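Have a look at input.txt; it's compact mmCIF, C-alpha atoms:
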# COMPACT_ATOMS: atom_id res chain seq x y z
CA MET A 1 55.82 -14.74 96.68
CA ALA A 2 59.63 -14.63 96.42
CA ILE A 3 61.36 -15.13 93.06
CA SER A 4 62.84 -18.59 92.47
CA SER A 5 66.50 -18.36 91.41
CA THR A 6 66.07 -21.44 89.22
CA GLN A 7 63.12 -19.87 87.37
CA ALA A 8 64.24 -16.23 87.08
CA ILE A 9 67.39 -14.19 87.66
CA PRO A 10 67.07 -12.18 90.89
CA GLU A 11 68.60 -8.77 91.36
CA THR A 12 71.92 -8.65 93.19
CA ARG A 13 73.62 -5.93 95.21
CA ASP A 14 76.82 -5.42 97.19
CA ILE A 15 75.14 -6.12 100.52
CA PRO A 16 73.17 -9.39 100.55
CA GLU A 17 69.45 -8.92 100.99
CA HIS A 18 69.11 -12.23 102.84
CA VAL A 19 71.81 -13.73 105.08
CA ALA A 20 71.44 -17.24 106.53
CA ILE A 21 73.77 -18.39 109.31
CA ILE A 22 74.55 -21.67 111.05
CA MET A 23 75.78 -20.53 114.46
CA ASP A 24 78.28 -23.31 115.11
CA GLY A 25 81.02 -23.74 117.70
CA ASN A 26 79.40 -22.75 120.99
CA GLY A 27 80.31 -26.01 122.71
CA ARG A 28 83.85 -26.08 121.35
CA TRP A 29 84.36 -22.45 122.34
CA ALA A 30 83.52 -23.40 125.93
CA THR A 31 85.54 -26.63 125.94
CA LYS A 32 88.61 -24.75 124.72
CA ARG A 33 88.28 -22.52 127.79
CA LEU A 34 87.68 -25.44 130.17
CA LEU A 35 84.09 -24.33 130.66
CA PRO A 36 80.92 -26.41 130.44
CA ARG A 37 79.30 -26.47 126.98
CA THR A 38 76.35 -24.61 128.44
CA ALA A 39 78.57 -21.55 128.94
CA GLY A 40 79.23 -21.47 125.22
CA HIS A 41 75.53 -21.49 124.39
CA ALA A 42 74.92 -18.62 126.81
CA LYS A 43 77.78 -16.64 125.26
CA GLY A 44 76.35 -17.35 121.82
CA VAL A 45 73.22 -15.35 122.65
CA GLN A 46 75.40 -12.23 122.89
CA ALA A 47 76.73 -12.93 119.40
CA VAL A 48 73.16 -13.08 118.10
CA ARG A 49 72.53 -9.61 119.48
CA ARG A 50 75.69 -8.23 117.83
CA VAL A 51 74.90 -9.75 114.44
CA VAL A 52 71.26 -8.63 114.44
CA GLU A 53 72.37 -5.07 115.16
CA ALA A 54 75.15 -5.19 112.55
CA CYS A 55 72.80 -6.54 109.87
CA GLY A 56 70.31 -3.79 110.65
CA ARG A 57 73.00 -1.12 110.25
CA ALA A 58 74.29 -2.65 107.01
CA GLY A 59 70.89 -2.75 105.33
CA VAL A 60 70.31 -6.51 105.34
CA ARG A 61 66.56 -7.09 105.10
CA TYR A 62 66.37 -10.78 106.06
CA LEU A 63 68.52 -12.63 108.60
CA THR A 64 67.86 -16.32 109.23
CA LEU A 65 69.62 -18.07 112.11
CA PHE A 66 69.79 -21.85 112.58
CA ALA A 67 69.31 -22.06 116.35
CA PHE A 68 68.98 -25.85 116.54
CA SER A 69 68.06 -28.51 114.07
CA SER A 70 65.79 -31.53 114.21
CA GLU A 71 68.97 -33.58 114.65
CA ASN A 72 70.21 -31.45 117.56
CA TRP A 73 67.45 -33.02 119.63
CA ARG A 74 69.61 -36.16 119.70
CA ARG A 75 72.01 -34.36 122.03
CA PRO A 76 72.11 -35.03 125.79
CA ALA A 77 68.82 -34.12 127.47
CA GLU A 78 70.44 -31.57 129.78
CA GLU A 79 71.93 -29.67 126.83
CA VAL A 80 68.60 -29.63 124.96
CA SER A 81 66.89 -28.44 128.16
CA LEU A 82 69.39 -25.59 128.50
CA LEU A 83 68.88 -24.55 124.89
CA MET A 84 65.15 -24.35 125.52
CA ARG A 85 65.69 -22.25 128.66
CA LEU A 86 67.97 -19.89 126.76
CA PHE A 87 65.34 -19.57 124.05
CA VAL A 88 62.74 -18.62 126.65
CA GLN A 89 65.07 -16.11 128.31
CA ALA A 90 66.02 -14.55 124.98
CA LEU A 91 62.39 -14.09 124.01
CA GLU A 92 61.59 -12.52 127.37
CA ARG A 93 64.61 -10.19 127.35
CA GLU A 94 65.11 -9.30 123.69
CA VAL A 95 61.64 -8.70 122.29
CA ASP A 96 61.60 -5.08 123.57
CA LYS A 97 64.88 -4.40 121.75
CA LEU A 98 63.60 -6.03 118.57
CA GLN A 99 60.53 -3.83 118.71
CA GLU A 100 62.61 -0.68 119.24
CA GLN A 101 64.91 -1.57 116.34
CA GLY A 102 62.07 -2.30 113.90
CA VAL A 103 62.88 -6.01 113.73
CA ARG A 104 60.15 -8.50 112.94
CA LEU A 105 60.61 -11.93 114.50
CA HIS A 106 59.66 -15.17 112.77
CA VAL A 107 60.22 -18.64 114.22
CA ILE A 108 60.10 -21.65 111.88
CA GLY A 109 60.30 -25.38 112.51
CA ASP A 110 58.29 -28.13 114.14
CA LEU A 111 57.26 -26.10 117.17
CA SER A 112 54.75 -28.72 118.37
CA ALA A 113 57.55 -30.38 120.35
CA PHE A 114 58.07 -27.27 122.50
CA GLU A 115 56.53 -26.79 125.92
CA PRO A 116 53.28 -24.76 125.92
CA ARG A 117 54.97 -21.85 127.73
CA LEU A 118 57.61 -21.53 125.01
CA GLN A 119 54.99 -21.79 122.27
CA GLU A 120 53.05 -18.97 123.95
CA LEU A 121 56.16 -16.77 124.12
CA ILE A 122 56.97 -17.42 120.47
CA HIS A 123 53.45 -16.52 119.40
CA ALA A 124 53.44 -13.37 121.55
CA ALA A 125 56.82 -12.19 120.26
CA GLN A 126 55.83 -12.75 116.64
CA GLU A 127 52.53 -10.95 117.17
CA ARG A 128 54.14 -7.99 118.93
CA THR A 129 56.69 -7.41 116.16
CA ARG A 130 54.53 -8.28 113.15
CA HIS A 131 54.25 -4.69 111.91
CA ASN A 132 58.03 -4.16 111.83
CA ASP A 133 59.77 -4.21 108.47
CA ARG A 134 63.31 -2.89 108.89
CA LEU A 135 64.78 -6.37 109.35
CA HIS A 136 63.08 -9.76 109.29
CA LEU A 137 64.81 -12.01 111.83
CA THR A 138 63.93 -15.67 111.41
CA VAL A 139 64.99 -18.24 114.00
CA ALA A 140 64.94 -21.85 112.80
CA ALA A 141 64.21 -24.06 115.82
CA LYS A 142 63.73 -27.82 115.63
CA TYR A 143 63.95 -27.19 111.93
CA GLY A 144 65.22 -29.42 109.13
CA GLY A 145 65.31 -28.79 105.40
CA ARG A 146 63.86 -32.20 104.59
CA TRP A 147 61.12 -31.68 107.18
CA ASP A 148 60.34 -28.37 105.50
CA ILE A 149 59.94 -29.96 102.07
CA LEU A 150 57.85 -32.83 103.42
CA GLN A 151 55.49 -30.54 105.30
CA ALA A 152 55.19 -28.38 102.18
CA VAL A 153 54.22 -31.43 100.09
CA ARG A 154 51.59 -32.42 102.64
CA ALA A 155 50.21 -28.88 102.80
CA MET A 156 50.15 -28.64 99.00
CA LEU A 157 48.17 -31.86 98.67
CA ALA A 158 45.83 -30.87 101.48
CA ALA A 159 45.13 -27.56 99.73
CA ASP A 160 44.60 -29.24 96.33
CA PRO A 161 43.95 -33.01 96.64
CA ALA A 162 43.49 -33.31 92.87
CA LEU A 163 47.26 -32.86 92.47
CA ALA A 164 47.72 -36.45 93.67
CA SER A 165 45.94 -37.61 90.50
CA HIS A 166 47.54 -34.98 88.27
CA PRO A 167 51.23 -34.81 89.23
CA GLU A 168 52.03 -32.99 85.97
CA ARG A 169 50.41 -29.92 87.53
CA VAL A 170 52.97 -29.83 90.33
CA ASP A 171 55.61 -27.17 89.74
CA GLU A 172 58.01 -25.11 91.86
CA GLU A 173 55.45 -22.43 92.61
CA SER A 174 52.75 -24.84 93.78
CA LEU A 175 55.18 -26.43 96.24
CA SER A 176 57.32 -23.48 97.33
CA ARG A 177 54.33 -21.40 98.44
CA HIS A 178 53.94 -23.90 101.30
CA LEU A 179 57.57 -23.81 102.50
CA SER A 180 58.28 -22.29 105.91
CA MET A 181 59.82 -19.16 104.40
CA ALA A 182 57.64 -18.72 101.31
CA TRP A 183 57.33 -15.01 102.15
CA ALA A 184 61.09 -14.33 102.03
CA PRO A 185 63.58 -14.13 99.14
CA GLU A 186 66.10 -16.93 98.87
CA PRO A 187 69.33 -16.45 100.87
CA ASP A 188 72.07 -14.61 98.99
CA LEU A 189 74.81 -15.42 101.50
CA PHE A 190 75.14 -18.46 103.74
CA ILE A 191 77.63 -18.25 106.61
CA ARG A 192 78.74 -21.11 108.82
CA THR A 193 81.01 -20.50 111.80
CA GLY A 194 83.09 -23.05 113.67
CA GLY A 195 85.09 -24.55 110.80
CA GLU A 196 82.63 -27.13 109.49
CA GLN A 197 81.83 -26.99 105.77
CA ARG A 198 78.35 -28.42 105.27
CA ILE A 199 74.79 -27.08 105.34
CA SER A 200 73.50 -29.68 107.83
CA ASN A 201 69.94 -29.93 106.50
CA PHE A 202 69.40 -26.15 106.62
CA LEU A 203 67.17 -24.48 103.99
CA ILE A 204 68.17 -27.08 101.41
CA TRP A 205 65.48 -25.96 98.94
CA GLN A 206 66.03 -22.24 99.42
CA MET A 207 69.85 -22.18 99.15
CA ALA A 208 70.06 -23.42 95.56
CA TYR A 209 72.09 -20.36 94.51
CA ALA A 210 73.39 -18.95 97.78
CA GLU A 211 77.07 -18.09 98.13
CA PHE A 212 78.71 -20.21 100.86
CA TYR A 213 81.13 -18.60 103.32
CA PHE A 214 82.87 -20.73 105.95
CA THR A 215 84.94 -19.39 108.84
CA GLU A 216 86.97 -21.06 111.57
CA ARG A 217 85.72 -18.48 114.06
CA TYR A 218 83.48 -19.95 116.76
CA TRP A 219 80.05 -18.37 116.99
CA PRO A 220 80.56 -16.70 120.43
CA ASP A 221 83.48 -14.75 118.90
CA PHE A 222 81.57 -13.71 115.78
CA GLY A 223 80.58 -10.06 115.51
CA ALA A 224 80.38 -7.00 113.28
CA ASP A 225 83.99 -7.27 112.04
CA GLU A 226 83.59 -10.94 111.07
CA LEU A 227 80.27 -10.16 109.39
CA GLN A 228 81.90 -7.37 107.40
CA ALA A 229 84.63 -9.79 106.29
CA ALA A 230 81.92 -12.10 104.96
CA PHE A 231 80.29 -9.18 103.13
CA ASP A 232 83.66 -8.15 101.63
CA TRP A 233 84.12 -11.71 100.35
CA TYR A 234 80.55 -11.73 99.01
CA ARG A 235 81.28 -8.64 96.89
CA THR A 236 84.00 -10.57 95.07
CA ARG A 237 81.61 -13.31 93.97
CA GLU A 238 80.36 -13.46 90.40
CA ARG A 239 76.71 -14.39 90.73
CA ARG A 240 75.95 -15.95 87.36
CA PHE A 241 72.78 -17.99 88.06
CA GLY A 242 73.67 -20.36 85.22
CA ARG A 243 74.95 -17.68 82.83
CA THR A 244 78.49 -17.21 81.55
CA SER A 245 80.86 -14.46 82.65
CA ALA A 246 80.55 -12.91 79.18
CA GLN A 247 76.78 -12.70 79.55
CA LEU A 248 77.20 -10.94 82.88
CA LEU A 249 79.48 -8.36 81.29
CA GLU A 250 76.98 -7.77 78.50
CA SER A 251 74.12 -7.30 80.94
CA GLY A 252 76.14 -5.09 83.27
CA ALA A 253 75.28 -7.36 86.21
CA LYS A 254 77.68 -8.22 88.99
Represent the structure contained in this file as structure tokens.
Amino acid sequence: MAISSTQAIPETRDIPEHVAIIMDGNGRWATKRLLPRTAGHAKGVQAVRRVVEACGRAGVRYLTLFAFSSENWRRPAEEVSLLMRLFVQALEREVDKLQEQGVRLHVIGDLSAFEPRLQELIHAAQERTRHNDRLHLTVAAKYGGRWDILQAVRAMLAADPALASHPERVDEESLSRHLSMAWAPEPDLFIRTGGEQRISNFLIWQMAYAEFYFTERYWPDFGADELQAAFDWYRTRERRFGRTSAQLLESGAK
């Protein structure tokens, strides 16, 4: 299981091992161009392809993309329907490329709300790429950080009902092993496009010590150059994990 940054000090490197991104600004990108919001979502799929390829070249091992949140389902029905269609199309068109590039696909979230056809495609894509290990691409769909913690608590108690009578036995490890991404290290770098500066219920347990990078660039315009700018900024960060700068110098850590 992945190391908890609040329990131990993880290794750091110049290129983040795990990048998490909120792909924001598709609708505003389209509105600015007098196009329907749906055009922005379609254009955003191309940005996903660029960023997946750029992360693979850079040596990122884990890339997690917030496709749509639990709260996004409050949007107009036609927009939600389009997002689902785009998800289906992307799975049908992109899985061959993911396989060729050694990318393993994971999809996390409350997938029970999806139509059976989409659930079948998700399962098939995950199964087809499950032996790949060059880059782990995780798509968070109908996902929420609070949902993740709640489902982990339920799973923990279901696995060990005695914990309900002995809460003193509950620790980070007993809970975190049931989180949606228990198999992955915590994000090193969080990127949000589109100008907003909040995490919007995304990986709220896992991002305890992530570095936060915000850009005004809308997601459809985000690519390898913008990703490199985020990496350049990341290299300037002093990742202390609770220590002082003097302690970092003594240890030789970044």
Residue with smallest distance to Arg134 in chain A - pool A:Pro185, A:Gly27, A:Gly59, A:Gly223, counting only C-alpha atoms =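 The answer is A:Gly59, which sits nearest to Arg134 in chain A.
With all atoms listed in the file as the atoms that count, the minimum distance from Tyr234 in chain A to the choices A:Leu137, A:Glu79, A:Ile199, A:Ile191 is reached by A:Ile191.
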Just the residues within 12 Å of Asp225 in chain A, please, counting only C-alpha atoms, with nothing from its chain fewer than 3 positions along; format it as a list in words.
->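 Here the answer would be Ala47, Arg50, Val51, Ala54, Cys55, Ala58, Arg217, Asp221, Phe222, Gln228, Ala229, Ala230, Phe231 and Asp232 of chain A.
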Counting only C-alpha atoms, which residues come within 10 Å of (68.9, -12.9, 106.0), with the point read in the file's coordinates, and could you list them as an MDAnalysis selection string?
-> chainID A and resid 16:21 52 55 60:65 135:138 184:190
Selection near Leu82 in chain A, 12 Å with only C-alpha atoms, sequence-local residues under 5 positions removed, as a PyMOL selection string = chain A and resi 36-42+68+73+75-77+87-89
Atom pair CA of Asp14 in chain A + CA of Glu196 in chain A, distance 25.6 Å
With only C-alpha atoms as the atoms that count, which of A:Val139, A:Ala113, A:Ala159, A:Ile108 lies nearest to Leu179 in chain A?
->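 When distances to Leu179 in chain A are compared using only C-alpha atoms, the smallest one comes from A:Ile108.
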Hey, what's within 7 Å of Tyr218 in chain A if we count all atoms listed in the file and toss same-chain stuff fewer than 3 positions away? As a list of chain:residue names, please?
-> A:Asp24, A:Gly25, A:Asn26, A:Trp29, A:Thr193, A:Gly194, A:Asp221, A:Phe222
Distance query Gln119 in chain A at most 12 Å, all atoms listed in the file, self and fewer than 6 positions along chain excluded, as number ranges by chain = A: 84, 87-88, 91, 107-113, 125-126, 141
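As for CA of Thr129 in chain A and CA of Glu94 in chain A, they are spaced 11.5 Å apart.
The gap separating CA of Arg28 in chain A from CA of Leu86 in chain A is 17.9 Å, in Å to one decimal.
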